[in-house]
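Quick look at input-v9.cif (mmCIF, C-alpha atoms):
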```
data_work
#
loop_
_atom_site.label_atom_id
_atom_site.label_comp_id
_atom_site.auth_asym_id
_atom_site.auth_seq_id
_atom_site.Cartn_x
_atom_site.Cartn_y
_atom_site.Cartn_z
CA MET A 1 72.10 -4.24 79.21
CA ALA A 2 69.14 -3.65 81.52
CA GLU A 3 70.58 -0.30 82.49
CA GLU A 4 71.09 0.58 78.84
CA SER A 5 67.36 0.19 78.11
CA PHE A 6 66.65 3.06 80.51
CA GLN A 7 69.29 5.35 79.07
CA GLU A 8 68.19 8.30 77.01
CA ARG A 9 69.03 8.04 73.32
CA THR A 10 70.92 11.28 72.75
CA GLU A 11 73.65 10.26 70.29
CA GLN A 12 73.35 10.60 66.51
CA ALA A 13 73.17 7.32 64.64
CA THR A 14 76.43 5.86 63.38
CA GLY A 15 76.99 4.88 59.78
CA LYS A 16 76.64 1.18 60.65
CA ARG A 17 73.28 1.71 62.35
CA ARG A 18 72.01 3.69 59.36
CA ASP A 19 73.15 0.96 56.96
CA ASP A 20 71.55 -1.77 59.09
CA ALA A 21 68.27 0.15 59.27
CA ARG A 22 68.29 0.75 55.52
CA ASN A 23 68.94 -2.93 54.80
CA LYS A 24 65.88 -3.71 56.92
CA GLY A 25 63.78 -1.28 54.89
CA GLN A 26 63.64 1.33 57.66
CA VAL A 27 63.91 4.60 55.71
CA ALA A 28 62.34 8.06 55.84
CA ARG A 29 59.46 7.87 53.40
CA SER A 30 56.05 9.51 53.16
CA MET A 31 53.34 7.46 51.49
CA ASP A 32 51.20 10.61 51.39
CA LEU A 33 53.79 12.25 49.15
CA ASN A 34 53.60 9.35 46.70
CA SER A 35 49.81 9.55 46.70
CA ALA A 36 49.83 13.34 46.23
CA PHE A 37 52.17 13.18 43.24
CA MET A 38 50.14 10.42 41.64
CA LEU A 39 46.92 12.37 42.24
CA MET A 40 48.30 15.55 40.66
CA PHE A 41 49.77 13.64 37.73
CA GLY A 42 46.48 11.81 37.19
CA LEU A 43 44.56 15.09 37.17
CA LEU A 44 47.00 16.56 34.65
CA LEU A 45 46.54 13.51 32.43
CA LEU A 46 42.78 13.89 32.63
CA LEU A 47 43.10 17.58 31.79
CA PHE A 48 45.19 17.01 28.65
CA THR A 49 44.03 13.56 27.53
CA GLY A 50 40.62 13.22 29.13
CA GLY A 51 38.82 14.24 25.95
CA ALA A 52 40.69 11.66 23.89
CA MET A 53 39.98 8.94 26.46
CA VAL A 54 36.24 9.74 26.51
CA THR A 55 36.16 9.74 22.72
CA GLY A 56 37.98 6.39 22.62
CA LEU A 57 35.62 4.83 25.16
CA ALA A 58 32.58 6.18 23.28
CA ASP A 59 33.88 4.79 19.99
CA MET A 60 34.48 1.43 21.64
CA LEU A 61 30.94 1.31 23.04
CA ARG A 62 29.42 2.31 19.69
CA GLU A 63 31.40 -0.38 17.95
CA PHE A 64 30.36 -3.07 20.41
CA PHE A 65 26.71 -2.02 20.28
CA ALA A 66 26.86 -2.14 16.47
CA ARG A 67 28.24 -5.69 16.68
CA ALA A 68 25.61 -6.79 19.21
CA SER A 69 23.33 -8.17 16.50
CA ARG A 70 26.16 -10.36 15.20
CA PHE A 71 27.32 -11.55 18.64
CA HIS A 72 27.24 -15.31 19.17
CA ALA A 73 26.31 -16.15 22.73
CA ASP A 74 28.73 -19.04 23.19
CA MET A 75 32.04 -19.55 24.99
CA GLU A 76 34.13 -18.69 21.95
CA GLY A 77 32.20 -15.49 21.27
CA LEU A 78 32.39 -14.45 24.94
CA ARG A 79 36.14 -15.14 25.04
CA GLN A 80 36.70 -13.06 21.93
CA LEU A 81 34.58 -10.22 23.35
CA ILE A 82 36.58 -10.14 26.59
CA ILE A 83 39.87 -10.11 24.67
CA ASP A 84 38.70 -7.26 22.44
CA VAL A 85 37.51 -5.21 25.43
CA MET A 86 40.78 -5.75 27.31
CA LEU A 87 42.89 -4.77 24.32
CA ARG A 88 40.87 -1.62 23.65
CA LEU A 89 40.99 -0.61 27.32
CA LEU A 90 44.74 -1.27 27.37
CA VAL A 91 45.22 1.09 24.42
CA ILE A 92 42.95 3.78 25.89
CA LEU A 93 43.87 3.59 29.59
CA GLY A 94 47.36 2.05 29.35
CA PRO A 95 49.24 5.37 29.11
CA VAL A 96 47.43 6.69 32.20
CA VAL A 97 48.07 3.57 34.28
CA GLY A 98 51.68 3.34 33.09
CA GLY A 99 52.27 7.03 33.77
CA LEU A 100 50.89 6.73 37.31
CA ALA A 101 53.13 3.71 37.95
CA VAL A 102 56.21 5.62 36.73
CA VAL A 103 55.35 8.64 38.90
CA GLY A 104 54.88 6.41 41.95
CA LEU A 105 58.23 4.69 41.42
CA ALA A 106 60.02 8.00 40.72
CA SER A 107 58.56 9.55 43.87
CA GLY A 108 59.69 6.60 45.98
CA TYR A 109 63.17 6.67 44.40
CA ALA A 110 63.49 10.41 45.03
CA GLN A 111 62.73 9.89 48.71
CA VAL A 112 64.89 6.88 49.56
CA GLY A 113 67.15 6.28 46.55
CA PRO A 114 67.94 2.79 45.25
CA LEU A 115 66.73 0.23 47.78
CA TRP A 116 65.94 -3.44 47.20
CA THR A 117 65.24 -5.55 50.27
CA PHE A 118 62.86 -8.32 51.29
CA GLU A 119 63.51 -7.85 55.01
CA PRO A 120 60.13 -6.16 55.77
CA MET A 121 58.37 -9.13 54.13
CA LYS A 122 59.93 -11.72 56.43
CA PRO A 123 57.48 -13.23 58.95
CA SER A 124 57.80 -11.91 62.48
CA PHE A 125 56.09 -13.61 65.42
CA GLY A 126 56.20 -10.33 67.32
CA LYS A 127 53.99 -8.73 64.69
CA MET A 128 51.56 -11.65 64.92
CA ASN A 129 51.14 -11.26 68.67
CA PRO A 130 47.74 -9.57 69.25
CA LEU A 131 48.92 -8.15 72.59
CA ASN A 132 51.66 -6.20 70.84
CA GLY A 133 49.13 -4.84 68.37
CA ILE A 134 46.75 -3.79 71.14
CA LYS A 135 49.62 -2.18 73.02
CA LYS A 136 50.58 -0.15 69.94
CA ILE A 137 47.01 1.02 69.43
CA ILE A 138 46.53 2.04 73.05
CA VAL A 139 49.86 3.56 74.11
CA SER A 140 51.81 4.12 70.91
CA ARG A 141 52.95 7.69 70.38
CA ARG A 142 53.12 7.05 66.64
CA THR A 143 49.46 5.93 66.59
CA LEU A 144 48.36 9.17 68.23
CA VAL A 145 50.43 11.20 65.78
CA GLU A 146 48.97 9.30 62.81
CA LEU A 147 45.46 9.89 64.17
CA ALA A 148 46.14 13.62 64.49
CA LYS A 149 47.59 13.70 60.96
CA ASN A 150 44.57 11.95 59.49
CA VAL A 151 42.18 14.32 61.24
CA LEU A 152 44.20 17.30 59.97
CA LYS A 153 44.27 15.95 56.41
CA ALA A 154 40.55 15.26 56.40
CA SER A 155 39.78 18.71 57.83
CA VAL A 156 42.05 20.67 55.47
CA VAL A 157 41.08 18.76 52.34
CA GLY A 158 37.41 18.90 53.32
CA ILE A 159 37.52 22.66 53.87
CA VAL A 160 39.32 23.26 50.57
CA ALA A 161 36.83 21.04 48.71
CA TYR A 162 33.88 22.83 50.33
CA VAL A 163 35.25 26.26 49.43
CA ALA A 164 35.95 25.11 45.86
CA LEU A 165 32.44 23.66 45.45
CA GLU A 166 30.85 26.76 46.94
CA GLY A 167 32.63 28.87 44.34
CA ILE A 168 31.05 27.03 41.42
CA MET A 169 27.56 26.55 42.84
CA SER A 170 26.44 29.90 41.45
CA GLU A 171 27.33 28.73 37.94
CA THR A 172 25.00 25.72 38.11
CA VAL A 173 21.97 27.95 37.65
CA THR A 174 22.98 28.61 34.03
CA LEU A 175 22.81 24.87 33.29
CA MET A 176 19.03 24.66 33.61
CA ASP A 177 18.56 25.42 29.92
CA GLY A 178 21.70 23.64 28.73
CA ASP A 179 21.91 20.40 26.80
CA ALA A 180 23.53 17.17 27.97
CA SER A 181 26.93 17.93 26.44
CA THR A 182 27.06 21.34 28.12
CA ILE A 183 26.16 19.85 31.50
CA LEU A 184 28.71 17.05 31.15
CA SER A 185 31.42 19.51 30.08
CA PHE A 186 30.67 21.73 33.06
CA MET A 187 30.74 18.78 35.44
CA ALA A 188 34.11 17.67 34.06
CA ARG A 189 35.62 21.16 34.37
CA ALA A 190 34.19 21.58 37.87
CA ALA A 191 35.49 18.18 39.00
CA LEU A 192 38.97 18.95 37.67
CA GLY A 193 38.94 22.38 39.33
CA VAL A 194 37.94 20.95 42.70
CA GLY A 195 40.40 18.09 42.24
CA PHE A 196 43.34 20.41 41.53
CA LYS A 197 42.59 22.61 44.55
CA THR A 198 42.20 19.70 46.95
CA GLY A 199 45.19 17.99 45.33
CA LEU A 200 47.41 21.01 45.95
CA ALA A 201 46.24 21.16 49.57
CA PHE A 202 46.96 17.44 49.93
CA LEU A 203 50.40 17.91 48.29
CA ALA A 204 51.29 20.66 50.77
CA LEU A 205 50.32 18.41 53.68
CA ALA A 206 52.29 15.54 52.11
CA VAL A 207 55.45 17.66 51.92
CA LEU A 208 55.07 18.49 55.62
CA ASP A 209 54.51 14.80 56.32
CA TYR A 210 57.73 13.93 54.47
CA PHE A 211 59.78 16.27 56.66
CA TYR A 212 58.04 14.86 59.73
CA GLN A 213 58.91 11.31 58.61
CA ARG A 214 62.57 12.34 58.24
CA PHE A 215 62.52 13.86 61.73
CA GLU A 216 60.87 10.77 63.19
CA HIS A 217 63.31 8.48 61.36
CA GLU A 218 66.32 10.35 62.75
CA ARG A 219 64.76 10.27 66.21
CA ASN A 220 64.24 6.50 66.05
CA LEU A 221 67.82 5.96 64.84
CA LYS A 222 69.38 7.79 67.80
CA MET A 223 71.51 5.68 70.09
CA THR A 224 72.53 5.64 73.72
CA LYS A 225 76.11 6.43 74.62
CA GLU A 226 76.58 2.83 75.73
CA ALA A 227 75.34 1.53 72.36
CA VAL A 228 77.80 3.79 70.53
CA LYS A 229 80.64 2.49 72.69
CA GLU A 230 79.65 -1.12 72.06
CA GLU A 231 79.46 -0.54 68.32
CA ASN A 232 82.86 1.14 68.28
CA LYS A 233 84.25 -1.88 70.11
CA GLU A 234 82.82 -4.18 67.47
CA LEU A 235 84.17 -2.09 64.59
CA GLU A 236 87.53 -1.03 65.99
CA GLY A 237 88.19 -3.59 68.71
CA ASP A 238 88.34 -3.36 72.49
CA PRO A 239 90.38 -0.28 73.57
CA ILE A 240 92.18 -2.35 76.23
CA MET A 241 93.15 -4.98 73.67
CA LYS A 242 94.17 -2.30 71.18
CA GLY A 243 96.38 -0.73 73.85
CA ARG A 244 98.03 -4.07 74.52
CA ILE A 245 98.62 -4.59 70.81
CA ARG A 246 100.17 -1.12 70.48
CA GLY A 247 102.40 -1.87 73.46
CA ILE A 248 103.59 -5.11 71.86
CA GLN A 249 104.20 -3.30 68.59
CA ARG A 250 106.26 -0.63 70.36
CA ARG A 251 108.34 -3.26 72.13
CA LEU A 252 108.97 -5.11 68.88
CA ALA A 253 109.93 -1.86 67.14
CA TYR A 254 112.27 -1.00 70.04
CA ARG A 255 113.97 -4.39 69.83
CA ARG A 256 114.31 -4.11 66.07
CA MET A 257 115.90 -0.66 66.41
CA MET A 258 118.36 -1.81 69.01
CA HIS A 259 119.24 -4.79 66.85
CA ASP A 260 120.01 -2.45 63.93
CA VAL A 261 122.13 0.03 65.90
CA PRO A 262 125.34 -2.09 65.70
CA LYS A 263 124.94 -2.13 61.90
CA ALA A 264 124.80 1.69 61.69
CA ASP A 265 127.60 3.79 60.26
CA VAL A 266 127.16 6.69 62.70
CA VAL A 267 124.96 7.95 65.54
CA VAL A 268 124.19 11.67 65.50
CA THR A 269 123.32 13.15 68.92
CA ASN A 270 121.87 16.31 70.45
CA PRO A 271 124.12 15.44 72.54
CA THR A 272 122.11 14.29 75.59
CA HIS A 273 118.44 14.28 74.60
CA LEU A 274 118.34 12.86 71.08
CA ALA A 275 120.12 10.14 69.11
CA VAL A 276 119.67 9.14 65.45
CA ALA A 277 121.49 6.15 63.92
CA LEU A 278 122.27 6.31 60.18
CA LYS A 279 123.35 3.64 57.74
CA TYR A 280 124.36 3.87 54.09
CA GLU A 281 125.21 1.14 51.58
CA SER A 282 125.85 2.50 48.11
CA SER A 283 125.06 -0.87 46.47
CA THR A 284 121.54 -1.21 47.93
CA MET A 285 120.49 2.30 49.03
CA SER A 286 119.89 5.43 47.01
CA ALA A 287 120.33 7.59 50.14
CA PRO A 288 121.36 7.17 53.79
CA ARG A 289 118.63 5.61 55.96
CA VAL A 290 117.60 6.12 59.59
CA VAL A 291 117.77 2.72 61.29
CA ALA A 292 117.06 3.89 64.85
CA LYS A 293 116.16 7.04 66.73
CA GLY A 294 115.00 7.99 70.18
CA ALA A 295 114.82 10.60 72.91
CA GLY A 296 115.72 10.50 76.59
CA LEU A 297 116.42 6.99 77.89
CA ILE A 298 116.06 5.45 74.43
CA ALA A 299 118.68 7.90 73.11
CA GLU A 300 121.02 6.89 75.92
CA ARG A 301 120.46 3.22 75.12
CA ILE A 302 121.23 3.82 71.42
CA LYS A 303 124.47 5.58 72.29
CA THR A 304 125.47 2.84 74.74
CA ILE A 305 124.94 0.08 72.18
CA ALA A 306 126.79 2.13 69.55
CA ARG A 307 129.82 2.54 71.78
CA GLU A 308 129.78 -1.18 72.68
CA HIS A 309 129.97 -2.04 68.97
CA HIS A 310 132.42 0.73 68.04
CA VAL A 311 129.89 2.76 66.05
CA PRO A 312 130.97 6.43 65.91
CA VAL A 313 128.82 8.81 68.00
CA ILE A 314 129.00 12.41 66.75
CA GLU A 315 127.43 15.51 68.26
CA ASP A 316 125.54 17.70 65.76
CA LYS A 317 122.58 19.43 67.41
CA PRO A 318 120.87 20.95 64.30
CA LEU A 319 121.20 17.77 62.25
CA ALA A 320 120.07 15.51 65.11
CA ARG A 321 116.98 17.64 65.77
CA THR A 322 116.04 17.83 62.09
CA LEU A 323 116.49 14.10 61.49
CA PHE A 324 114.52 13.22 64.63
CA LYS A 325 111.54 15.43 63.65
CA SER A 326 111.40 14.83 59.90
CA VAL A 327 112.56 11.24 59.24
CA ASP A 328 110.91 8.04 60.54
CA VAL A 329 112.78 4.85 61.30
CA GLY A 330 113.33 2.92 58.08
CA ASP A 331 112.98 6.00 55.84
CA GLU A 332 115.70 7.52 53.72
CA VAL A 333 117.14 10.94 54.46
CA PRO A 334 115.37 13.69 52.46
CA GLU A 335 117.26 15.48 49.73
CA LYS A 336 117.50 18.73 51.70
CA LEU A 337 119.68 16.95 54.31
CA PHE A 338 121.94 15.12 51.85
CA GLN A 339 124.81 17.56 52.18
CA ALA A 340 124.84 17.65 55.99
CA VAL A 341 124.61 13.86 56.27
CA ALA A 342 127.23 13.38 53.55
CA GLN A 343 129.69 15.55 55.44
CA VAL A 344 129.21 13.46 58.58
CA LEU A 345 129.60 10.18 56.70
CA ALA A 346 132.64 11.46 54.80
CA TYR A 347 134.24 12.40 58.10
CA ILE A 348 133.52 8.91 59.49
CA TYR A 349 134.96 7.20 56.40
CA ARG A 350 138.16 9.29 56.63
CA LEU A 351 138.41 8.46 60.31
CA ARG A 352 138.10 4.75 59.61
CA THR A 353 140.73 4.97 56.91
CA LEU A 354 143.19 6.54 59.36
CA SER A 355 142.20 4.29 62.29
CA PRO A 356 139.80 1.37 61.65
CA SER A 357 139.06 0.91 65.34
CA ALA A 358 138.48 4.61 66.14
CA THR A 359 135.20 5.69 67.77
CA MET A 360 133.95 9.25 68.32
CA ASN A 361 132.37 9.83 71.75
#
```
Spell out the structure here as structure tokens.
Amino acid sequence: MAEESFQERTEQATGKRRDDARNKGQVARSMDLNSAFMLMFGLLLLLFTGGAMVTGLADMLREFFARASRFHADMEGLRQLIIDVMLRLLVILGPVVGGLAVVGLASGYAQVGPLWTFEPMKPSFGKMNPLNGIKKIIVSRRTLVELAKNVLKASVVGIVAYVALEGIMSETVTLMDGDASTILSFMARAALGVGFKTGLAFLALAVLDYFYQRFEHERNLKMTKEAVKEENKELEGDPIMKGRIRGIQRRLAYRRMMHDVPKADVVVTNPTHLAVALKYESSTMSAPRVVAKGAGLIAERIKTIAREHHVPVIEDKPLARTLFKSVDVGDEVPEKLFQAVAQVLAYIYRLRTLSPSATMN
């Protein structure tokens, strides 16, 4: 395991590693993208509903000021005032807050899909160790990347905001003779204009950050060749043990075949390389069945056992080759070979009728 820690992680992550990482909350996600979508959505809400919100807040203030003379400065009056303010603010600002929450959730869902885990919230003593934190700050590659990203974001957004403000500075001269409503309207339009421009710049950076997070996530998920081998052993079993199991299965299948050869009606041969044993019982089988087959030494063993138990052995090269290639042990003969197999079986039945102890070699 010590050698594995020095191996380069060059292999793509397996499905199990991806699932384990996802269950731990380790997914490719950009918080900047969530923030950018919420910022743009909030600006759009202000653009289309800002006037209504300002009017609602103004009406609320006028109403409360009008009620000031009737306000009772006691605990009951204060409680009622707080409840009224909260309800009015909920009606005025509730759609904005609710809309931002929905956008944030939708953005997170679009990035990582359905994910519900408390694993990142579990306490970890490694995270509490101040030495680990200092080590991450000093030598962490991710810390340096995050620092570079923050500097880039601040620079780009700052430049865009400066250019946007510089473009509207010339218009401020016309406000010298304007009234309060004109000045406030201009300030609102200017703030939205600067906000949209900086928001778009921030959104572009957030999209780049999302792709970087995906790249970094895939990089962190990569595995060493040794780790892939170990995982395959866990999922599929030790190759040595699997080989032993396959060997045992082959031996059991061989014994079962040889045990069924004496029960066969006929053995069709190649004549020297292949042997296929067939059996047919009209009461239990819808078609003749292959009970044993083999090539080389196994074919010789099948023929030897057949002769010892007086099972006819017939040479038919085309039929033997076709049966050997197309029919597995235990399977019935396909319909296209019915006629050829029926002719062989009919010949054997006639032979038995003439001489019950006869055997074809």
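Interatomic distance, CA of Leu39 (chain A) to CA of Asp59 (chain A): 26.9 Å.
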Close residues, Ile159 (chain A) itself excluded, 12 Å, all atoms listed in the file, min 3 positions apart in chain, as an mmCIF file with C-alpha atoms, keeping the file's coordinate frame:
```
data_model
loop_
_atom_site.group_PDB
_atom_site.id
_atom_site.type_symbol
_atom_site.label_atom_id
_atom_site.label_comp_id
_atom_site.auth_asym_id
_atom_site.auth_seq_id
_atom_site.Cartn_x
_atom_site.Cartn_y
_atom_site.Cartn_z
ATOM 1 C CA LEU A 152 44.200 17.300 59.970
ATOM 2 C CA LYS A 153 44.270 15.950 56.410
ATOM 3 C CA ALA A 154 40.550 15.260 56.400
ATOM 4 C CA SER A 155 39.780 18.710 57.830
ATOM 5 C CA VAL A 156 42.050 20.670 55.470
ATOM 6 C CA TYR A 162 33.880 22.830 50.330
ATOM 7 C CA VAL A 163 35.250 26.260 49.430
ATOM 8 C CA ALA A 164 35.950 25.110 45.860
ATOM 9 C CA LEU A 165 32.440 23.660 45.450
ATOM 10 C CA GLU A 166 30.850 26.760 46.940
ATOM 11 C CA VAL A 194 37.940 20.950 42.700
ATOM 12 C CA LYS A 197 42.590 22.610 44.550
ATOM 13 C CA THR A 198 42.200 19.700 46.950
ATOM 14 C CA ALA A 201 46.240 21.160 49.570
ATOM 15 C CA PHE A 202 46.960 17.440 49.930
#
```
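Closest approach to Asp331 (chain A) among A:Arg62, A:Arg307, A:Lys279, A:His259 is made by A:Lys279 (distances from all atoms listed in the file).
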Gap from CA of Ala277 (chain A) to CA of Arg246 (chain A) - Å, one decimal: 23.5 Å
What are the centre and edge lengths in Å, to one decimal, of the axis-aligned box around all listed atoms of region 212-221 of chain A with 4 Å added on each side, as AutoDock Vina command-line options?
```
--center_x 62.9 --center_y 10.4 --center_z 62.2 --size_x 17.8 --size_y 16.9 --size_z 16.0
```
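CA of Leu274 (chain A) lies 17.3 Å from CA of Leu337 (chain A).
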- prompt: Do you know which residues the PyMOL selection byres ((chain A and resi 324-326) around 8) returns on this file, as a ChimeraX atom specification?
  reply: /A:274-276,293-294,320-323,327-328
Save the residues we just selected, C-alpha atoms, as a PDB file, in the coordinates of the input?
```pdb
ATOM      1  CA  LEU A 274     118.340  12.860  71.080  1.00  0.00           C
ATOM      2  CA  ALA A 275     120.120  10.140  69.110  1.00  0.00           C
ATOM      3  CA  VAL A 276     119.670   9.140  65.450  1.00  0.00           C
ATOM      4  CA  LYS A 293     116.160   7.040  66.730  1.00  0.00           C
ATOM      5  CA  GLY A 294     115.000   7.990  70.180  1.00  0.00           C
ATOM      6  CA  ALA A 320     120.070  15.510  65.110  1.00  0.00           C
ATOM      7  CA  ARG A 321     116.980  17.640  65.770  1.00  0.00           C
ATOM      8  CA  THR A 322     116.040  17.830  62.090  1.00  0.00           C
ATOM      9  CA  LEU A 323     116.490  14.100  61.490  1.00  0.00           C
ATOM     10  CA  VAL A 327     112.560  11.240  59.240  1.00  0.00           C
ATOM     11  CA  ASP A 328     110.910   8.040  60.540  1.00  0.00           C
TER      12      ASP A 328
END
```
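Distances to Val266 (chain A) were evaluated for A:Ile305, A:Ala342, A:Ile348, A:Leu205 using all atoms listed in the file, and the minimum falls at A:Ile348.
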- prompt: Counting only C-alpha atoms, what is within 9 Å of Phe41 (chain A), bar same-chain residues fewer than 5 positions away, as a PyMOL selection string?
  reply: chain A and resi 36+46+99-100+103
How about saving the chosen residues, C-alpha atoms kept, as a compact mmCIF listing (two decimals), keeping the file's coordinate frame?
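To be explicit, this is the file written out as again_14.txt:
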```
# COMPACT_ATOMS: atom_id res chain seq x y z
CA ALA A 36 49.83 13.34 46.23
CA LEU A 46 42.78 13.89 32.63
CA GLY A 99 52.27 7.03 33.77
CA LEU A 100 50.89 6.73 37.31
CA VAL A 103 55.35 8.64 38.90
```
- prompt: From the set A:Lys16, A:Glu281, A:Ile298, A:Arg350, which residue has the shortest atom-to-atom contact distance to Arg255 (chain A), counting all atoms listed in the file?
  reply: A:Ile298
- request: Translate the PyMOL selection byres ((chain A and resi 31) around 9), as applied to the file shown, into an explicit residue set as an MDAnalysis selection string.
  value: chainID A and resid 29:30 32:36 108 206 209:210
Atoms to include: C-alpha atoms. Write the selected residues as a compact mmCIF listing (two decimals), keeping the file's coordinate frame.
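Now in selection_14.txt:
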```txt
# COMPACT_ATOMS: atom_id res chain seq x y z
CA ARG A 29 59.46 7.87 53.40
CA SER A 30 56.05 9.51 53.16
CA ASP A 32 51.20 10.61 51.39
CA LEU A 33 53.79 12.25 49.15
CA ASN A 34 53.60 9.35 46.70
CA SER A 35 49.81 9.55 46.70
CA ALA A 36 49.83 13.34 46.23
CA GLY A 108 59.69 6.60 45.98
CA ALA A 206 52.29 15.54 52.11
CA ASP A 209 54.51 14.80 56.32
CA TYR A 210 57.73 13.93 54.47
```
task: For the structure shown, which residues end up in the PyMOL selection byres ((chain A and resi 10) around 7)? Put them as a count of residues only, please?
output: 7
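Considering the residues A:Ala52, A:Ala28, A:Val91, A:Val341 and counting all atoms listed in the file, Phe211 (chain A) has its shortest atom-to-atom contact with A:Ala28.
Among the candidates A:Leu278, A:Phe338, A:Ala292, A:Lys233, the residue lying nearest to Ile314 (chain A) is A:Leu278 (atoms considered: all atoms listed in the file).
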Just add N, CA and C atoms to region 27-41 of chain A and send it as an mmCIF file, in the frame of the given file.
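After the write, rebuild.cif holds the following:
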```cif
data_model
loop_
_atom_site.group_PDB
_atom_site.id
_atom_site.type_symbol
_atom_site.label_atom_id
_atom_site.label_comp_id
_atom_site.auth_asym_id
_atom_site.auth_seq_id
_atom_site.Cartn_x
_atom_site.Cartn_y
_atom_site.Cartn_z
ATOM 1 N N VAL A 27 63.462 3.362 56.356
ATOM 2 C CA VAL A 27 63.910 4.600 55.710
ATOM 3 C C VAL A 27 62.852 5.676 55.927
ATOM 4 N N ALA A 28 63.270 6.924 55.716
ATOM 5 C CA ALA A 28 62.340 8.060 55.840
ATOM 6 C C ALA A 28 61.562 8.182 54.534
ATOM 7 N N ARG A 29 60.284 7.843 54.607
ATOM 8 C CA ARG A 29 59.460 7.870 53.400
ATOM 9 C C ARG A 29 58.032 8.245 53.764
ATOM 10 N N SER A 30 57.431 9.088 52.953
ATOM 11 C CA SER A 30 56.050 9.510 53.160
ATOM 12 C C SER A 30 55.174 8.899 52.065
ATOM 13 N N MET A 31 54.268 8.029 52.445
ATOM 14 C CA MET A 31 53.340 7.460 51.490
ATOM 15 C C MET A 31 52.371 8.521 50.981
ATOM 16 N N ASP A 32 52.085 9.519 51.822
ATOM 17 C CA ASP A 32 51.200 10.610 51.390
ATOM 18 C C ASP A 32 51.802 11.371 50.223
ATOM 19 N N LEU A 33 53.142 11.523 50.237
ATOM 20 C CA LEU A 33 53.790 12.250 49.150
ATOM 21 C C LEU A 33 53.655 11.478 47.835
ATOM 22 N N ASN A 34 53.821 10.164 47.906
ATOM 23 C CA ASN A 34 53.600 9.350 46.700
ATOM 24 C C ASN A 34 52.184 9.518 46.179
ATOM 25 N N SER A 35 51.212 9.442 47.093
ATOM 26 C CA SER A 35 49.810 9.550 46.700
ATOM 27 C C SER A 35 49.515 10.932 46.117
ATOM 28 N N ALA A 36 50.093 11.978 46.712
ATOM 29 C CA ALA A 36 49.830 13.340 46.230
ATOM 30 C C ALA A 36 50.390 13.540 44.826
ATOM 31 N N PHE A 37 51.596 13.042 44.582
ATOM 32 C CA PHE A 37 52.170 13.180 43.240
ATOM 33 C C PHE A 37 51.356 12.403 42.205
ATOM 34 N N MET A 38 50.938 11.216 42.564
ATOM 35 C CA MET A 38 50.140 10.420 41.640
ATOM 36 C C MET A 38 48.787 11.080 41.378
ATOM 37 N N LEU A 39 48.198 11.678 42.420
ATOM 38 C CA LEU A 39 46.920 12.370 42.240
ATOM 39 C C LEU A 39 47.068 13.556 41.301
ATOM 40 N N MET A 40 48.105 14.377 41.515
ATOM 41 C CA MET A 40 48.300 15.550 40.660
ATOM 42 C C MET A 40 48.622 15.137 39.230
ATOM 43 N N PHE A 41 49.439 14.103 39.075
ATOM 44 C CA PHE A 41 49.770 13.640 37.730
ATOM 45 C C PHE A 41 48.531 13.087 37.035
#
```
